[in-house]
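Chemist: run.csv (CSV, N, CA, C and O atoms) pasted underneath:
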chain,number,residue,atom,x,y,z
A,1,MET,N,-13.5,2.5,3.1
A,1,MET,CA,-12.4,2.7,4.0
A,1,MET,C,-11.4,3.6,3.5
A,1,MET,O,-10.9,3.5,2.4
A,2,LYS,N,-11.1,4.7,4.2
A,2,LYS,CA,-10.1,5.7,3.8
A,2,LYS,C,-8.7,5.1,4.1
A,2,LYS,O,-8.5,4.6,5.2
A,3,HIS,N,-7.9,5.2,3.2
A,3,HIS,CA,-6.5,4.8,3.3
A,3,HIS,C,-5.6,6.0,3.1
A,3,HIS,O,-5.6,6.6,2.0
A,4,THR,N,-4.8,6.3,4.1
A,4,THR,CA,-3.9,7.5,4.0
A,4,THR,C,-2.5,7.1,3.6
A,4,THR,O,-2.0,6.2,4.3
A,5,TYR,N,-2.0,7.7,2.6
A,5,TYR,CA,-0.7,7.3,2.1
A,5,TYR,C,0.0,8.5,1.6
A,5,TYR,O,-0.6,9.6,1.3
A,6,LYS,N,1.3,8.4,1.4
A,6,LYS,CA,2.1,9.4,0.7
A,6,LYS,C,2.8,8.8,-0.4
A,6,LYS,O,3.4,7.7,-0.3
A,7,VAL,N,2.8,9.5,-1.6
A,7,VAL,CA,3.5,9.0,-2.8
A,7,VAL,C,4.9,9.6,-2.7
A,7,VAL,O,5.1,10.8,-2.5
A,8,LEU,N,5.9,8.7,-2.8
A,8,LEU,CA,7.3,9.1,-2.8
A,8,LEU,C,7.7,9.3,-4.2
A,8,LEU,O,7.8,8.4,-5.0
A,9,SER,N,8.0,10.6,-4.6
A,9,SER,CA,8.4,10.8,-6.0
A,9,SER,C,9.8,11.4,-6.1
A,9,SER,O,10.4,11.2,-7.1
A,10,SER,N,10.2,12.2,-5.1
A,10,SER,CA,11.5,12.8,-5.2
A,10,SER,C,12.6,11.9,-4.7
A,10,SER,O,12.4,10.9,-3.9
A,11,ASP,N,13.8,12.1,-5.1
A,11,ASP,CA,15.0,11.3,-4.6
A,11,ASP,C,15.1,11.4,-3.1
A,11,ASP,O,15.4,10.4,-2.4
A,12,ILE,N,14.9,12.6,-2.5
A,12,ILE,CA,15.0,12.8,-1.1
A,12,ILE,C,14.0,12.0,-0.3
A,12,ILE,O,14.3,11.3,0.7
A,13,GLU,N,12.7,11.9,-0.8
A,13,GLU,CA,11.7,11.1,-0.2
A,13,GLU,C,12.1,9.6,-0.2
A,13,GLU,O,11.9,8.9,0.7
A,14,LEU,N,12.6,9.2,-1.4
A,14,LEU,CA,13.0,7.8,-1.5
A,14,LEU,C,14.2,7.4,-0.6
A,14,LEU,O,14.2,6.4,0.0
A,15,PHE,N,15.1,8.3,-0.6
A,15,PHE,CA,16.3,8.1,0.3
A,15,PHE,C,15.9,8.1,1.8
A,15,PHE,O,16.4,7.3,2.6
A,16,ALA,N,15.0,9.0,2.2
A,16,ALA,CA,14.5,9.0,3.5
A,16,ALA,C,13.8,7.7,3.9
A,16,ALA,O,13.9,7.1,5.0
A,17,ALA,N,13.0,7.2,2.9
A,17,ALA,CA,12.3,5.9,3.1
A,17,ALA,C,13.3,4.7,3.3
A,17,ALA,O,13.1,3.9,4.1
A,18,ALA,N,14.4,4.8,2.4
A,18,ALA,CA,15.4,3.7,2.5
A,18,ALA,C,16.1,3.8,3.9
A,18,ALA,O,16.3,2.7,4.5
A,19,LEU,N,16.5,5.0,4.3
A,19,LEU,CA,17.2,5.1,5.6
A,19,LEU,C,16.3,4.8,6.8
A,19,LEU,O,16.8,4.2,7.7
A,20,SER,N,15.0,5.1,6.7
A,20,SER,CA,14.1,4.8,7.8
A,20,SER,C,13.6,3.3,7.8
A,20,SER,O,13.0,2.9,8.7
A,21,GLN,N,14.0,2.6,6.7
A,21,GLN,CA,13.6,1.2,6.6
A,21,GLN,C,12.1,1.0,6.6
A,21,GLN,O,11.6,0.0,7.2
A,22,VAL,N,11.3,1.9,6.1
A,22,VAL,CA,9.9,1.8,6.1
A,22,VAL,C,9.4,0.9,5.0
A,22,VAL,O,10.1,0.8,3.9
A,23,ARG,N,8.2,0.3,5.1
A,23,ARG,CA,7.6,-0.5,4.1
A,23,ARG,C,7.1,0.4,3.0
A,23,ARG,O,6.2,1.2,3.2
A,24,VAL,N,7.6,0.2,1.8
A,24,VAL,CA,7.1,0.9,0.6
A,24,VAL,C,6.4,-0.1,-0.3
A,24,VAL,O,6.9,-1.2,-0.6
A,25,TYR,N,5.2,0.3,-0.8
A,25,TYR,CA,4.5,-0.6,-1.7
A,25,TYR,C,4.4,0.1,-3.1
A,25,TYR,O,4.5,1.3,-3.2
A,26,VAL,N,4.3,-0.8,-4.1
A,26,VAL,CA,4.4,-0.3,-5.5
A,26,VAL,C,3.0,-0.4,-6.1
A,26,VAL,O,2.4,-1.5,-6.1
A,27,VAL,N,2.6,0.7,-6.7
A,27,VAL,CA,1.3,0.8,-7.3
A,27,VAL,C,1.5,1.2,-8.8
A,27,VAL,O,2.3,2.1,-9.1
A,28,GLN,N,0.6,0.6,-9.7
A,28,GLN,CA,0.6,1.0,-11.0
A,28,GLN,C,-0.8,1.7,-11.3
A,28,GLN,O,-1.8,1.1,-11.2
A,29,PRO,N,-0.7,3.0,-11.6
A,29,PRO,CA,-2.0,3.7,-11.9
A,29,PRO,C,-2.6,3.2,-13.2
A,29,PRO,O,-1.9,3.1,-14.2
A,30,LEU,N,-3.9,2.9,-13.2
A,30,LEU,CA,-4.6,2.4,-14.4
A,30,LEU,C,-5.5,3.4,-15.0
A,30,LEU,O,-6.0,3.3,-16.1
A,31,GLY,N,-5.8,4.5,-14.3
A,31,GLY,CA,-6.7,5.5,-14.8
A,31,GLY,C,-7.2,6.3,-13.6
A,31,GLY,O,-6.7,6.1,-12.5
A,32,GLU,N,-8.2,7.1,-13.8
A,32,GLU,CA,-8.8,7.9,-12.7
A,32,GLU,C,-9.3,7.0,-11.6
A,32,GLU,O,-10.3,6.2,-11.9
A,33,ASP,N,-8.8,7.1,-10.5
A,33,ASP,CA,-9.2,6.3,-9.3
A,33,ASP,C,-9.1,4.8,-9.4
A,33,ASP,O,-9.6,4.1,-8.6
A,34,LEU,N,-8.3,4.4,-10.4
A,34,LEU,CA,-8.0,2.9,-10.5
A,34,LEU,C,-6.6,2.7,-10.4
A,34,LEU,O,-5.8,3.4,-11.0
A,35,ILE,N,-6.2,1.7,-9.5
A,35,ILE,CA,-4.8,1.3,-9.4
A,35,ILE,C,-4.7,-0.2,-9.3
A,35,ILE,O,-5.6,-0.9,-9.1
A,36,ASP,N,-3.5,-0.7,-9.6
A,36,ASP,CA,-3.1,-2.1,-9.4
A,36,ASP,C,-1.9,-2.1,-8.5
A,36,ASP,O,-0.9,-1.5,-8.8
A,37,ILE,N,-2.1,-2.8,-7.3
A,37,ILE,CA,-1.0,-2.9,-6.4
A,37,ILE,C,-0.1,-4.1,-6.9
A,37,ILE,O,-0.5,-5.2,-7.0
A,38,VAL,N,1.1,-3.7,-7.3
A,38,VAL,CA,2.0,-4.6,-8.0
A,38,VAL,C,2.8,-5.4,-6.9
A,38,VAL,O,3.1,-6.6,-7.1
A,39,ASP,N,3.2,-4.7,-5.9
A,39,ASP,CA,4.0,-5.4,-4.8
A,39,ASP,C,3.6,-4.7,-3.5
A,39,ASP,O,3.5,-3.5,-3.4
A,40,TYR,N,3.2,-5.6,-2.5
A,40,TYR,CA,2.8,-5.1,-1.3
A,40,TYR,C,3.8,-4.6,-0.3
A,40,TYR,O,3.6,-4.2,0.8
A,41,GLY,N,5.0,-4.5,-0.8
A,41,GLY,CA,6.0,-3.7,-0.2
A,41,GLY,C,7.2,-4.4,0.5
A,41,GLY,O,7.2,-5.6,0.7
A,42,GLY,N,8.1,-3.6,0.8
A,42,GLY,CA,9.3,-3.9,1.5
A,42,GLY,C,10.2,-2.7,1.6
A,42,GLY,O,9.8,-1.6,1.2
A,43,VAL,N,11.4,-2.9,2.0
A,43,VAL,CA,12.4,-1.8,2.2
A,43,VAL,C,13.0,-1.5,0.8
A,43,VAL,O,13.3,-2.4,0.0
A,44,VAL,N,13.2,-0.2,0.6
A,44,VAL,CA,14.0,0.2,-0.6
A,44,VAL,C,15.4,-0.2,-0.5
A,44,VAL,O,16.1,0.1,0.5
A,45,GLU,N,15.9,-1.0,-1.5
A,45,GLU,CA,17.2,-1.6,-1.5
A,45,GLU,C,18.2,-0.8,-2.3
A,45,GLU,O,19.4,-0.7,-2.0
A,46,LYS,N,17.7,-0.2,-3.4
A,46,LYS,CA,18.6,0.6,-4.3
A,46,LYS,C,17.7,1.6,-5.1
A,46,LYS,O,16.6,1.3,-5.4
A,47,ILE,N,18.3,2.7,-5.3
A,47,ILE,CA,17.7,3.8,-6.0
A,47,ILE,C,18.6,4.2,-7.2
A,47,ILE,O,19.8,4.5,-7.0
A,48,THR,N,18.0,4.2,-8.4
A,48,THR,CA,18.7,4.7,-9.6
A,48,THR,C,17.8,5.8,-10.2
A,48,THR,O,16.7,5.9,-9.9
A,49,PRO,N,18.4,6.6,-11.1
A,49,PRO,CA,17.5,7.6,-11.8
A,49,PRO,C,16.3,6.9,-12.6
A,49,PRO,O,15.3,7.5,-12.8
A,50,GLU,N,16.5,5.7,-13.0
A,50,GLU,CA,15.5,5.0,-13.8
A,50,GLU,C,14.6,4.1,-13.0
A,50,GLU,O,13.4,3.8,-13.4
A,51,ALA,N,15.1,3.5,-11.9
A,51,ALA,CA,14.3,2.4,-11.2
A,51,ALA,C,14.6,2.4,-9.7
A,51,ALA,O,15.6,3.0,-9.2
A,52,ILE,N,13.7,1.7,-9.0
A,52,ILE,CA,13.8,1.5,-7.6
A,52,ILE,C,13.8,0.0,-7.3
A,52,ILE,O,13.0,-0.7,-7.9
A,53,LYS,N,14.7,-0.5,-6.5
A,53,LYS,CA,14.8,-1.9,-6.1
A,53,LYS,C,14.1,-2.1,-4.8
A,53,LYS,O,14.5,-1.6,-3.8
A,54,ILE,N,13.1,-3.0,-4.8
A,54,ILE,CA,12.3,-3.3,-3.5
A,54,ILE,C,12.1,-4.8,-3.6
A,54,ILE,O,11.7,-5.4,-4.6
A,55,ASN,N,12.4,-5.5,-2.5
A,55,ASN,CA,12.3,-6.9,-2.4
A,55,ASN,C,13.0,-7.7,-3.5
A,55,ASN,O,12.4,-8.7,-4.0
A,56,GLY,N,14.1,-7.2,-3.9
A,56,GLY,CA,14.8,-7.9,-5.0
A,56,GLY,C,14.4,-7.7,-6.4
A,56,GLY,O,14.9,-8.2,-7.3
A,57,SER,N,13.3,-6.9,-6.6
A,57,SER,CA,12.8,-6.6,-7.9
A,57,SER,C,13.0,-5.1,-8.2
A,57,SER,O,12.9,-4.3,-7.4
A,58,TYR,N,13.2,-4.8,-9.5
A,58,TYR,CA,13.4,-3.4,-9.9
A,58,TYR,C,12.0,-3.0,-10.5
A,58,TYR,O,11.4,-3.7,-11.3
A,59,PHE,N,11.7,-1.7,-10.2
A,59,PHE,CA,10.4,-1.1,-10.8
A,59,PHE,C,10.8,0.2,-11.4
A,59,PHE,O,11.5,1.0,-10.7
A,60,PHE,N,10.4,0.5,-12.6
A,60,PHE,CA,10.7,1.7,-13.3
A,60,PHE,C,9.9,2.9,-12.7
A,60,PHE,O,8.7,2.8,-12.4
A,61,ARG,N,10.6,3.9,-12.4
A,61,ARG,CA,10.1,5.1,-11.7
A,61,ARG,C,9.0,5.8,-12.6
A,61,ARG,O,8.0,6.3,-12.0
A,62,LYS,N,9.1,5.8,-13.9
A,62,LYS,CA,8.1,6.4,-14.8
A,62,LYS,C,6.8,5.6,-14.9
A,62,LYS,O,5.8,6.1,-15.3
A,63,GLN,N,6.9,4.3,-14.5
A,63,GLN,CA,5.8,3.4,-14.8
A,63,GLN,C,5.0,3.2,-13.5
A,63,GLN,O,3.8,2.9,-13.5
A,64,PHE,N,5.6,3.3,-12.3
A,64,PHE,CA,4.9,3.0,-11.0
A,64,PHE,C,5.0,4.1,-10.1
A,64,PHE,O,5.8,5.1,-10.2
A,65,GLU,N,4.1,4.0,-9.0
A,65,GLU,CA,4.1,4.9,-7.9
A,65,GLU,C,4.7,4.2,-6.7
A,65,GLU,O,4.4,3.0,-6.6
A,66,PHE,N,5.4,4.8,-5.8
A,66,PHE,CA,5.9,4.2,-4.6
A,66,PHE,C,5.3,4.9,-3.5
A,66,PHE,O,5.3,6.1,-3.3
A,67,ARG,N,4.6,4.1,-2.6
A,67,ARG,CA,3.8,4.7,-1.5
A,67,ARG,C,4.2,4.2,-0.2
A,67,ARG,O,4.6,3.0,-0.1
A,68,VAL,N,3.9,5.0,0.8
A,68,VAL,CA,4.1,4.6,2.2
A,68,VAL,C,2.8,4.9,2.9
A,68,VAL,O,2.1,5.9,2.6
A,69,ASP,N,2.4,4.1,3.9
A,69,ASP,CA,1.3,4.4,4.7
A,69,ASP,C,1.6,5.5,5.7
A,69,ASP,O,2.7,5.6,6.2
A,70,VAL,N,0.7,6.4,5.9
A,70,VAL,CA,0.9,7.5,6.8
A,70,VAL,C,-0.2,7.4,7.9
A,70,VAL,O,-1.4,7.3,7.7
A,71,LYS,N,0.3,7.4,9.2
A,71,LYS,CA,-0.6,7.4,10.3
A,71,LYS,C,-1.2,8.7,10.5
A,71,LYS,O,-0.6,9.7,10.1
A,72,LYS,N,-2.4,8.8,11.0
A,72,LYS,CA,-3.1,10.0,11.2
A,72,LYS,C,-2.4,11.0,12.0
A,72,LYS,O,-2.5,12.2,11.8
A,73,ASP,N,-1.6,10.6,13.0
A,73,ASP,CA,-0.9,11.5,13.9
A,73,ASP,C,0.5,11.7,13.4
A,73,ASP,O,1.3,12.3,14.2
A,74,SER,N,0.8,11.4,12.2
A,74,SER,CA,2.2,11.5,11.7
A,74,SER,C,2.2,12.6,10.6
A,74,SER,O,1.2,12.8,9.9
A,75,ASN,N,3.4,13.1,10.4
A,75,ASN,CA,3.6,14.1,9.2
A,75,ASN,C,4.1,13.4,8.0
A,75,ASN,O,4.5,14.0,7.0
A,76,GLY,N,4.3,12.0,8.1
A,76,GLY,CA,4.8,11.3,7.0
A,76,GLY,C,6.3,11.3,7.0
A,76,GLY,O,6.9,11.5,8.1
A,77,ILE,N,6.9,11.1,5.9
A,77,ILE,CA,8.4,11.0,5.8
A,77,ILE,C,8.9,12.4,5.5
A,77,ILE,O,8.4,13.1,4.7
Please go through the file and, once you have read it, give me the structure as structure tokens.
Modeler:
Amino acid sequence: MKHTYKVLSSDIELFAAALSQVRVYVVQPLGEDLIDIVDYGGVVEKITPEAIKINGSYFFRKQFEFRVDVKKDSNGI
């Protein structure tokens, strides 16, 4: 099954996700084509240079990826 998503890496993308109240999920890359979904998502509550707060938990930006689902007829965030 193909899953289309967008990785939020810049501050602008994360702020847009927070303002749009979209569901962001947290992924930890484990290697080539391997990931571990750490949190199935929620709204971005706080953004700092080091971490992102989602669902009451902080996740380090250098350690995790933050993703949103993208519909096929959408341009994403």
Chemist: Set the distance at 7 Å and use only C-alpha atoms: which residues neighbour A:Ala18 once local chain neighbours fewer than 6 positions away are removed? I'd like the list as a VMD selection string.
Modeler: chain A and resid 43 to 45
Chemist: Fewer than 4 positions away in the same chain doesn't count, so skip those; otherwise give me all residues within 6 Å of stretch 6-16 of chain A, counting all atoms listed in the file, as a list in words.
Modeler: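 Non-adjacent residues within range: Ser20, Gln21, Val22, Glu65, Phe66, Arg67, Val68, Asp69 and Val70 of chain A.
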Chemist: From a DSSP calculation on the backbone, collect every residue of chain A in strand (DSSP E) and output the set as a PyMOL selection string.
Modeler: chain A and resi 5-8+24-31+34-42+44-47+51-54+57-60+65-69
Chemist: Which value, in Å to one decimal, gives the distance between atom O of A:Phe64 and atom N of A:Val24?
Modeler: 13.1 Å
Chemist: To one decimal place, how far is atom CA of A:Leu30 from atom CA of A:Lys71 in Å?
Modeler: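 The value is 25.5 Å.
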Chemist: Quick one: DSSP helix (DSSP H, G or I) residues in stretch 13-61 of chain A, as a PDB file with N, CA, C and O atoms, in the coordinates of the input?
Modeler:
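Below is the file that was written, result-v3.pdb:
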ATOM      1  N   GLU A  13      12.700  11.900  -0.800  1.00  0.00           N
ATOM      2  CA  GLU A  13      11.700  11.100  -0.200  1.00  0.00           C
ATOM      3  C   GLU A  13      12.100   9.600  -0.200  1.00  0.00           C
ATOM      4  O   GLU A  13      11.900   8.900   0.700  1.00  0.00           O
ATOM      5  N   LEU A  14      12.600   9.200  -1.400  1.00  0.00           N
ATOM      6  CA  LEU A  14      13.000   7.800  -1.500  1.00  0.00           C
ATOM      7  C   LEU A  14      14.200   7.400  -0.600  1.00  0.00           C
ATOM      8  O   LEU A  14      14.200   6.400   0.000  1.00  0.00           O
ATOM      9  N   PHE A  15      15.100   8.300  -0.600  1.00  0.00           N
ATOM     10  CA  PHE A  15      16.300   8.100   0.300  1.00  0.00           C
ATOM     11  C   PHE A  15      15.900   8.100   1.800  1.00  0.00           C
ATOM     12  O   PHE A  15      16.400   7.300   2.600  1.00  0.00           O
ATOM     13  N   ALA A  16      15.000   9.000   2.200  1.00  0.00           N
ATOM     14  CA  ALA A  16      14.500   9.000   3.500  1.00  0.00           C
ATOM     15  C   ALA A  16      13.800   7.700   3.900  1.00  0.00           C
ATOM     16  O   ALA A  16      13.900   7.100   5.000  1.00  0.00           O
ATOM     17  N   ALA A  17      13.000   7.200   2.900  1.00  0.00           N
ATOM     18  CA  ALA A  17      12.300   5.900   3.100  1.00  0.00           C
ATOM     19  C   ALA A  17      13.300   4.700   3.300  1.00  0.00           C
ATOM     20  O   ALA A  17      13.100   3.900   4.100  1.00  0.00           O
ATOM     21  N   ALA A  18      14.400   4.800   2.400  1.00  0.00           N
ATOM     22  CA  ALA A  18      15.400   3.700   2.500  1.00  0.00           C
ATOM     23  C   ALA A  18      16.100   3.800   3.900  1.00  0.00           C
ATOM     24  O   ALA A  18      16.300   2.700   4.500  1.00  0.00           O
ATOM     25  N   LEU A  19      16.500   5.000   4.300  1.00  0.00           N
ATOM     26  CA  LEU A  19      17.200   5.100   5.600  1.00  0.00           C
ATOM     27  C   LEU A  19      16.300   4.800   6.800  1.00  0.00           C
ATOM     28  O   LEU A  19      16.800   4.200   7.700  1.00  0.00           O
ATOM     29  N   SER A  20      15.000   5.100   6.700  1.00  0.00           N
ATOM     30  CA  SER A  20      14.100   4.800   7.800  1.00  0.00           C
ATOM     31  C   SER A  20      13.600   3.300   7.800  1.00  0.00           C
ATOM     32  O   SER A  20      13.000   2.900   8.700  1.00  0.00           O
TER      33      SER A  20
END
Chemist: How many Å lie between atom CA of A:Lys46 and atom C of A:Gln28, rounded to one decimal?
Modeler: 20.7 Å
Chemist: Here is a test: counting all atoms listed in the file, which residue of A:Arg23, A:Glu50, A:Val38, A:Glu32 is nearest to A:Lys62?
Modeler: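 For A:Lys62, the nearest of the candidates is A:Glu50.
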